Every structure is written in C-alpha cells, then in structure tokens.
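Chemist: Handing over start.txt, compact mmCIF, C-alpha atoms.
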```txt
# COMPACT_ATOMS: atom_id res chain seq x y z
CA MET A 1 150.53 151.06 119.17
CA GLY A 2 153.71 152.82 118.16
CA GLY A 3 153.32 155.94 116.09
CA SER A 4 150.06 155.02 114.25
CA SER A 5 147.24 157.52 114.71
CA PRO A 6 144.00 156.41 116.36
CA CYS A 7 140.98 155.80 114.15
CA ALA A 8 138.18 158.36 114.06
CA SER A 9 136.15 156.33 116.56
CA CYS A 10 138.86 156.10 119.19
CA LYS A 11 139.68 159.77 118.67
CA LEU A 12 136.08 160.75 119.35
CA LEU A 13 135.74 158.31 122.24
CA ARG A 14 139.11 159.42 123.59
CA ARG A 15 140.58 156.02 124.08
CA ARG A 16 143.54 153.97 122.97
CA CYS A 17 143.10 152.61 119.47
CA ALA A 18 143.93 148.91 119.85
CA LYS A 19 145.55 146.94 117.04
CA ASP A 20 142.37 144.91 116.64
CA CYS A 21 140.02 147.89 117.02
CA ILE A 22 136.75 146.84 115.36
CA PHE A 23 136.07 150.36 114.09
CA ALA A 24 139.50 151.18 112.68
CA PRO A 25 139.13 149.54 109.20
CA TYR A 26 135.89 151.44 108.54
CA PHE A 27 136.32 154.77 110.27
CA PRO A 28 139.68 156.21 109.25
CA SER A 29 141.01 159.24 111.11
CA ASP A 30 140.74 161.48 108.04
CA ASP A 31 136.91 161.33 108.08
CA PRO A 32 135.78 162.14 111.62
CA HIS A 33 132.29 163.13 110.52
CA LYS A 34 131.49 159.58 109.38
CA PHE A 35 131.84 158.07 112.84
CA ALA A 36 130.41 161.12 114.58
CA ILE A 37 127.10 160.80 112.78
CA VAL A 38 126.84 157.03 113.30
CA HIS A 39 127.66 157.46 116.99
CA LYS A 40 125.08 160.22 117.31
CA VAL A 41 122.24 158.10 115.90
CA PHE A 42 123.11 154.53 116.89
CA GLY A 43 125.72 154.85 119.61
CA ALA A 44 129.25 153.45 119.47
CA SER A 45 128.37 150.49 121.67
CA ASN A 46 125.46 149.40 119.44
CA VAL A 47 127.53 149.80 116.28
CA SER A 48 130.31 147.73 117.80
CA LYS A 49 127.84 144.96 118.74
CA MET A 50 126.28 145.03 115.25
CA LEU A 51 129.67 144.73 113.56
CA GLN A 52 130.81 141.97 115.89
CA GLU A 53 127.78 139.89 114.90
CA LEU A 54 128.68 140.09 111.22
CA PRO A 55 131.33 138.18 109.25
CA ILE A 56 134.27 140.41 108.38
CA HIS A 57 133.52 140.51 104.65
CA GLN A 58 130.11 142.07 105.31
CA ARG A 59 131.15 144.74 107.78
CA SER A 60 132.17 147.33 105.23
CA ASP A 61 128.75 147.28 103.55
CA ALA A 62 127.07 147.34 106.96
CA VAL A 63 129.03 150.46 107.91
CA SER A 64 128.12 152.11 104.60
CA SER A 65 124.44 151.46 105.15
CA LEU A 66 124.60 152.62 108.77
CA VAL A 67 126.27 155.87 107.71
CA TYR A 68 123.61 156.39 105.05
CA GLU A 69 120.80 155.69 107.50
CA ALA A 70 122.33 157.93 110.16
CA ASN A 71 122.67 160.78 107.66
CA ALA A 72 119.04 160.35 106.65
CA ARG A 73 117.88 160.50 110.26
CA VAL A 74 119.94 163.58 111.04
CA ARG A 75 118.58 165.38 107.98
CA ASP A 76 115.02 164.20 108.62
CA PRO A 77 114.63 163.51 112.34
CA VAL A 78 111.00 162.43 111.95
CA TYR A 79 111.03 160.08 108.96
CA GLY A 80 114.70 159.31 108.28
CA CYS A 81 115.11 156.61 105.64
CA VAL A 82 111.44 155.71 105.82
CA GLY A 83 110.58 158.98 104.11
CA ALA A 84 112.65 157.96 101.12
CA ILE A 85 111.06 154.49 101.08
CA SER A 86 107.58 156.00 101.09
CA TYR A 87 108.45 158.40 98.27
CA LEU A 88 110.09 155.72 96.15
CA GLN A 89 107.19 153.29 96.66
CA ASN A 90 104.85 155.98 95.35
CA GLN A 91 107.10 156.44 92.33
CA VAL A 92 107.04 152.70 91.65
CA SER A 93 103.25 152.59 92.01
CA GLN A 94 102.77 155.49 89.60
CA LEU A 95 105.08 153.95 87.04
CA GLN A 96 103.37 150.57 87.37
CA MET A 97 100.04 152.27 86.80
CA GLN A 98 101.32 154.04 83.69
CA LEU A 99 102.75 150.76 82.45
CA ALA A 100 99.48 148.93 83.04
CA VAL A 101 97.56 151.59 81.09
CA ALA A 102 100.03 151.47 78.21
CA GLN A 103 99.96 147.67 78.13
CA ALA A 104 96.15 147.69 78.16
CA GLU A 105 96.21 150.11 75.24
CA ILE A 106 98.45 147.74 73.28
CA LEU A 107 96.20 144.83 74.12
CA CYS A 108 93.18 146.77 72.84
CA ILE A 109 95.00 147.60 69.63
CA GLN A 110 95.94 143.95 69.17
CA MET A 111 92.37 142.86 69.78
CA GLN A 112 91.05 145.43 67.31
CA GLN A 113 93.49 144.29 64.67
CA GLU A 114 92.65 140.63 65.10
CA PRO A 115 89.01 140.47 66.15
CA ALA A 116 88.45 136.98 64.71
CA LEU A 117 91.03 135.26 66.90
CA PRO A 118 89.69 132.15 68.69
CA THR A 119 89.22 132.76 72.40
CA HIS A 120 91.87 130.28 73.51
CA GLN A 121 94.55 132.50 71.99
CA ILE A 122 93.51 135.41 74.14
CA ASP A 123 93.45 134.09 77.65
CA PRO A 124 91.59 136.41 80.04
CA ASP A 125 94.12 135.42 82.66
CA ASP A 126 96.88 136.90 80.51
CA LYS A 127 95.02 140.20 80.54
CA SER A 128 94.75 140.19 84.30
CA LEU A 129 98.40 139.27 84.50
CA LEU A 130 99.23 142.28 82.36
CA LEU A 131 97.29 144.55 84.63
CA HIS A 132 97.98 143.06 88.02
CA SER A 133 101.06 140.85 88.03
CA ASN A 134 103.57 143.64 88.46
CA LEU A 135 101.37 145.41 90.97
CA ASN A 136 100.78 142.37 93.19
CA ASN A 137 104.38 141.18 93.13
CA LEU A 138 105.65 144.32 94.84
CA PRO A 139 106.34 143.56 98.50
CA GLN A 140 104.56 145.78 100.95
CA TYR A 141 107.34 147.41 102.97
CA LEU A 142 105.27 149.92 104.89
CA ASN A 143 102.31 148.13 106.41
CA PHE A 144 102.62 148.41 110.14
CA ALA A 145 99.86 149.30 112.54
CA SER A 146 100.41 152.56 114.32
CA SER A 147 98.61 155.51 115.70
CA SER A 148 99.84 157.70 112.86
CA ASN A 149 98.18 157.69 109.46
CA VAL A 150 100.96 159.48 107.64
CA ILE A 151 102.78 156.44 106.32
CA GLN A 152 100.19 154.43 104.41
CA ASP A 153 100.58 151.48 102.12
CA PRO A 154 100.87 153.18 98.73
CA LEU A 155 100.14 149.92 96.95
CA LYS A 156 96.49 149.98 98.00
CA ARG A 157 94.47 151.48 95.17
CA GLU A 158 91.10 151.33 93.48
CA SER A 159 90.69 148.98 90.57
CA LEU A 160 91.85 150.49 87.27
CA TRP A 161 88.55 149.61 85.68
CA THR A 162 85.42 151.28 87.03
CA MET B 1 102.88 154.68 139.87
CA SER B 2 102.04 150.98 140.09
CA TYR B 3 104.49 148.66 138.36
CA SER B 4 101.64 147.05 136.40
CA THR B 5 101.21 150.25 134.34
CA ARG B 6 104.83 150.63 133.29
CA CYS B 7 105.43 151.18 129.57
CA ALA B 8 107.46 148.65 127.62
CA ALA B 9 110.53 150.89 127.80
CA CYS B 10 110.50 151.28 131.56
CA LYS B 11 109.75 147.57 132.01
CA SER B 12 112.74 146.71 129.86
CA LEU B 13 114.94 149.23 131.64
CA ARG B 14 113.65 148.04 135.02
CA ARG B 15 112.76 151.43 136.30
CA ARG B 16 109.77 153.36 137.53
CA CYS B 17 107.55 154.71 134.77
CA PRO B 18 106.82 158.34 135.62
CA GLN B 19 103.63 160.10 134.59
CA ASP B 20 105.55 162.18 132.05
CA CYS B 21 107.61 159.28 130.67
CA ILE B 22 108.58 160.42 127.20
CA LEU B 23 108.62 156.90 125.77
CA ALA B 24 105.35 155.63 127.27
CA PRO B 25 102.96 156.98 124.58
CA TYR B 26 104.93 155.25 121.80
CA PHE B 27 106.06 152.03 123.41
CA PRO B 28 103.02 150.54 125.17
CA SER B 29 103.45 147.58 127.51
CA ASN B 30 101.43 145.29 125.21
CA ASP B 31 104.15 145.41 122.52
CA PRO B 32 107.48 144.70 124.20
CA GLN B 33 109.10 143.65 120.93
CA ARG B 34 108.66 147.12 119.49
CA PHE B 35 110.82 148.72 122.17
CA ALA B 36 113.23 145.80 122.27
CA SER B 37 114.07 146.34 118.56
CA VAL B 38 114.53 150.07 118.95
CA GLN B 39 116.65 149.60 122.04
CA LYS B 40 118.86 147.07 120.28
CA ILE B 41 119.54 149.28 117.28
CA PHE B 42 119.33 152.85 118.52
CA GLY B 43 119.65 152.43 122.27
CA ALA B 44 117.20 153.70 124.89
CA SER B 45 119.15 156.86 125.52
CA ASN B 46 119.42 157.83 121.83
CA THR B 47 115.75 157.05 121.27
CA THR B 48 114.80 159.34 124.14
CA LYS B 49 117.10 162.10 122.85
CA ILE B 50 115.73 161.87 119.30
CA LEU B 51 112.12 162.05 120.49
CA GLN B 52 112.85 164.82 123.00
CA GLN B 53 114.23 167.03 120.23
CA LEU B 54 110.98 166.80 118.27
CA PRO B 55 107.71 168.67 118.83
CA VAL B 56 105.15 166.44 120.54
CA HIS B 57 102.88 166.14 117.48
CA GLN B 58 105.71 164.58 115.44
CA ARG B 59 106.92 162.04 117.99
CA ALA B 60 104.44 159.28 117.13
CA GLU B 61 105.54 159.27 113.49
CA ALA B 62 109.20 159.37 114.48
CA ALA B 63 108.72 156.43 116.87
CA ASP B 64 106.94 154.46 114.13
CA CYS B 65 109.76 155.15 111.67
CA MET B 66 112.45 154.22 114.16
CA SER B 67 110.58 150.98 114.92
CA PHE B 68 110.43 150.19 111.23
CA GLU B 69 114.10 150.97 110.72
CA ALA B 70 115.09 148.91 113.73
CA ALA B 71 113.00 145.94 112.58
CA SER B 72 114.52 146.22 109.09
CA ARG B 73 118.02 146.30 110.53
CA ILE B 74 117.35 143.23 112.70
CA GLN B 75 115.94 141.38 109.72
CA ASP B 76 118.82 142.47 107.46
CA PRO B 77 121.82 143.28 109.67
CA VAL B 78 124.00 144.30 106.73
CA TYR B 79 121.74 146.66 104.77
CA GLY B 80 118.68 147.38 106.91
CA CYS B 81 116.40 149.99 105.35
CA VAL B 82 118.99 150.91 102.80
CA GLY B 83 118.49 147.54 101.16
CA ILE B 84 114.86 148.43 100.58
CA ILE B 85 115.80 151.79 99.08
CA SER B 86 118.28 150.12 96.76
CA GLN B 87 115.68 147.59 95.61
CA LEU B 88 113.14 150.35 94.99
CA HIS B 89 115.67 152.28 92.89
CA GLN B 90 116.20 149.17 90.81
CA GLN B 91 112.45 148.65 90.41
CA ILE B 92 112.05 152.22 89.22
CA LEU B 93 114.75 151.80 86.59
CA THR B 94 113.31 148.50 85.40
CA THR B 95 109.76 149.84 85.22
CA GLN B 96 110.86 153.02 83.45
CA HIS B 97 112.61 150.90 80.84
CA GLU B 98 109.56 148.70 80.38
CA LEU B 99 107.33 151.76 80.10
CA ALA B 100 109.62 153.30 77.50
CA MET B 101 109.50 150.14 75.40
CA THR B 102 105.72 149.96 75.62
CA GLN B 103 105.22 153.62 74.78
CA ALA B 104 107.61 153.30 71.85
CA GLN B 105 105.43 150.46 70.55
CA LEU B 106 102.36 152.67 70.89
CA ALA B 107 104.09 155.59 69.19
CA PHE B 108 105.06 153.36 66.29
CA HIS B 109 101.49 152.12 65.95
CA TYR B 110 99.99 155.62 66.03
CA ALA B 111 102.56 156.87 63.55
CA GLN B 112 101.57 154.07 61.19
CA GLN B 113 97.89 154.92 61.68
CA GLU B 114 98.54 158.57 60.89
CA THR B 115 100.30 157.68 57.67
CA GLN B 116 97.36 155.50 56.60
CA GLN B 117 94.87 158.22 57.54
CA GLU B 118 96.72 160.87 55.53
CA ARG B 119 96.67 158.66 52.47
CA ARG B 120 92.89 158.08 52.74
CA ILE B 121 91.79 161.65 53.54
CA MET B 122 93.85 163.78 51.15
CA THR B 123 91.30 166.55 50.60
CA GLN B 124 90.96 167.57 54.27
CA SER B 125 92.83 170.76 55.05
CA GLN B 126 93.41 170.08 58.76
CA VAL B 127 94.35 166.79 60.39
CA GLN B 128 94.52 166.92 64.14
CA TYR B 129 96.74 164.30 65.71
CA ASP B 130 96.96 163.82 69.46
CA GLY B 131 99.68 161.39 70.42
CA PRO B 132 99.60 159.22 73.51
CA SER B 133 98.99 161.26 76.65
CA SER B 134 102.21 160.25 78.40
CA TRP B 135 105.52 160.26 76.58
CA PHE B 136 108.55 158.78 78.24
CA ASP B 137 111.09 161.49 78.93
CA PRO B 138 114.56 160.06 78.16
CA ASN B 139 116.07 162.83 80.30
CA GLN B 140 113.99 161.90 83.35
CA LYS B 141 116.28 161.76 86.37
CA GLU B 142 116.06 159.07 88.98
CA PRO B 143 113.69 160.45 91.63
CA PHE B 144 115.16 160.63 95.10
CA TYR B 145 114.14 163.07 97.73
CA LEU B 146 117.23 162.62 99.84
CA ASP B 147 120.00 163.90 97.62
CA GLN B 148 122.81 161.77 99.04
CA PRO B 149 123.87 158.96 96.67
CA LEU B 150 123.48 155.34 97.70
CA PRO B 151 126.66 153.78 99.09
CA ASP B 152 128.84 151.82 96.71
CA PHE B 153 128.25 148.38 98.21
CA HIS B 154 130.72 145.56 97.69
CA GLN B 155 127.78 143.22 97.40
CA PRO B 156 124.43 144.52 96.10
CA PRO B 157 121.63 144.24 98.66
CA GLY B 158 119.25 141.37 98.04
CA PHE B 159 116.38 142.25 100.32
CA LEU B 160 113.70 140.35 98.42
```
Please rewrite the model in this file as structure tokens.
Modeler:
Amino acid sequence: MGGSSPCASCKLLRRRCAKDCIFAPYFPSDDPHKFAIVHKVFGASNVSKMLQELPIHQRSDAVSSLVYEANARVRDPVYGCVGAISYLQNQVSQLQMQLAVAQAEILCIQMQQEPALPTHQIDPDDKSLLLHSNLNNLPQYLNFASSSNVIQDPLKRESLWT
Amino acid sequence: MSYSTRCAACKSLRRRCPQDCILAPYFPSNDPQRFASVQKIFGASNTTKILQQLPVHQRAEAADCMSFEAASRIQDPVYGCVGIISQLHQQILTTQHELAMTQAQLAFHYAQQETQQERRIMTQSQVQYDGPSSWFDPNQKEPFYLDQPLPDFHQPPGFL
C-alpha cells in the first residue's frame, strides 16, 4: 500500500485499503460524507455486491445514483426518492392536461375557420390522439398495491369532456 | 409462535417471528419477493433501523416506498429510481416546450382576431379583451421538491 491514503470507505470501515479496493475509485478520501450516507442507507456490503455485478464503465453512474437516492432517503425517511417521483408525475400530468386543452382550442379554431372541409380530412381518431396520445403513453411508475393510499397513480383522471 | 405464521422477513432470516416483530406488518408471508428485494438492496438490518426510527403510522408508507425503490434498483441496477426522476424531468421540459409553442399559436390567433375586431367596431369606446387563461411563463423554473441537483451521469438513464 505504501504511502497512499485509504479511500473514504476503508477509512470509515477501518480496514486496509487494498490496491483493487472496489470503492476507492468512487469514494475518494476527501469526501467522507459521500460514503457515509450510502453506507447508512444501503450498507457497505450491499453496495459492494451491487458494484461487483456491474461492468466497470457503469459503476460511476451507479454510485452517483446511489448517493442521490441515499441523500433523498436521509432527508425524507418516509418517501425518499418516491416522493420526488410522485411530485414530478403530478407536474407532468398537469402539463399534459394544459397541453391537451390548448391543442383542443386550436383544433376548434381550425374547425371554425374551415367548416366546409370534407370529413376525411378531419379524422376523429386524430382528435383523440391529440387529447389522449400523450396521456396514455406515459408509463405508470407508481401503481403498486399496498395498504397505504398516499401514493396513488396520478395518471388516473376523469375524462376531459363531461 | 408457530413457524407457519412467520412473516416473510423472519422466514427469510430463518428466525422466530416474535409477536412484536417490527417487519411483520409490512412484509407478509404471502409476498416473499417484496422482502427479498428490500433485503437485497437495503439489507434486513438497515430496513429495520429505518422503520424503527419512524412513528408507527408512517411505517407502512415507508415500507411501500422502500419496496418500490428496491424493485426499481433490481430492474435497473445502474440508475434505479433516479432513472425515473431523470426521465420525468425530461418529460416536463419537453411538455413545457410543446405547451409554449401551442400557446404562442393561440396568442397569435387571438391577436389577429383582436386586430380584425378593432377594425370592424371603431365606434365602440371600450373593447374588453381576455387572452387565453394560461400563459406560459418563460421564467418558470424546473419544479423539483428535493433541491439537490441530479447527478451528472456519464451515460443518460434510459429507463423507458
């Protein structure tokens, strides 16, 4: 090992930092907090196993996402990252709704301006595509059965037209 | 306690399941995969610690979220949940852009209408014009309730 300092992981775990330490490239000694938080949430052993199962070129991104997820869970011990997903899904749904309304308004304007158009030029399916295609193409991330009702599928909604 | 009533956690850990087992309410024996995922990603000990630190009425939600995160991480070992967040950010930007374009089209149309109206009705003293109800705010910031920025990935997540 010579004079090289141990990585943040080996420092925290109080062990020799081997030359081929799996943590060393991603948890430098000058950022002890980064490993501390990942160890707190996932455990060093689990992180080591996860990294070992990945090709080397993907490990850096995996560590970044683990650090992010660990930070989220420490700051929000109940919802963690899932809170952000729920919030962002709502944002997407609201925007998609606004977009659908605006697109419907444009369609109405176009139909008013050209009322004599033959029907084959205005395909009813196109209209439904305008209103529903973007809404139905969104994958449903949060749709698991559980005893709690807090996290609901935000993509479920009443029809826009009553 | 009879072995046949052990929760999924205690079954997996091959131990007795006490009456006050902290994991039993959230990891029933009829869903062994749920605990298996959480154990693989967070570890049994960490899971217990995290739930123990929460008030009882919040533990069900926390267990659900940890199950979801664990399942996401197993499905996408590189990005996990963070891949989903990244995709949602991108969807928001794309949809905002599309909405801006559409509302600009509407604004242009209504502006043209107003000009035509003013030419026709020149004797009226008051012309009330109400623009579209929602205007796109070019200064609208990307919404994100956790204020930490997304990591700078070498390869962008492709969850979908």
Chemist: Restrict the distance test to only C-alpha atoms, flag each residue of chain B within 7 Å of chain A, and return the flagged residues as a PyMOL selection string.
Modeler: chain B and resi 41-43+46+58+60-62+64-65+78-79+81-82+85+88+91-92+95-96+99+102-103+106+145-146+151+153-154
Chemist: Just to confirm, what's the straight-line distance from atom CA of Gly83 of chain B to atom CA of Ala24 of chain A in Å (one decimal)?
Modeler: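 About the pair atom CA of Gly83 of chain B and atom CA of Ala24 of chain A: they are 24.2 Å apart.
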Chemist: What separation in Å, quoted to one decimal, exists between atom CA of Lys34 of chain A and atom CA of Pro6 of chain A?
Modeler: 14.7 Å
Chemist: If you measure from atom CA of Thr5 of chain B to atom CA of Asp31 of chain B, what distance in Å do you get, rounded to one decimal?
Modeler: 13.1 Å
Chemist: Might you pull out every residue within 10 Å of Gln33 of chain B, with only C-alpha atoms counted and same-chain residues fewer than 6 positions away left off, and present them as a PyMOL selection string?
Modeler: chain B and resi 8+27+39+67+71
Chemist: Generate a file of the selected residues that holds C-alpha atoms, formatted as an mmCIF file, in the coordinates of the input.
Modeler:
```
data_model
loop_
_atom_site.group_PDB
_atom_site.id
_atom_site.type_symbol
_atom_site.label_atom_id
_atom_site.label_comp_id
_atom_site.auth_asym_id
_atom_site.auth_seq_id
_atom_site.Cartn_x
_atom_site.Cartn_y
_atom_site.Cartn_z
ATOM 1 C CA ALA B 8 107.460 148.650 127.620
ATOM 2 C CA PHE B 27 106.060 152.030 123.410
ATOM 3 C CA GLN B 39 116.650 149.600 122.040
ATOM 4 C CA SER B 67 110.580 150.980 114.920
ATOM 5 C CA ALA B 71 113.000 145.940 112.580
#
```
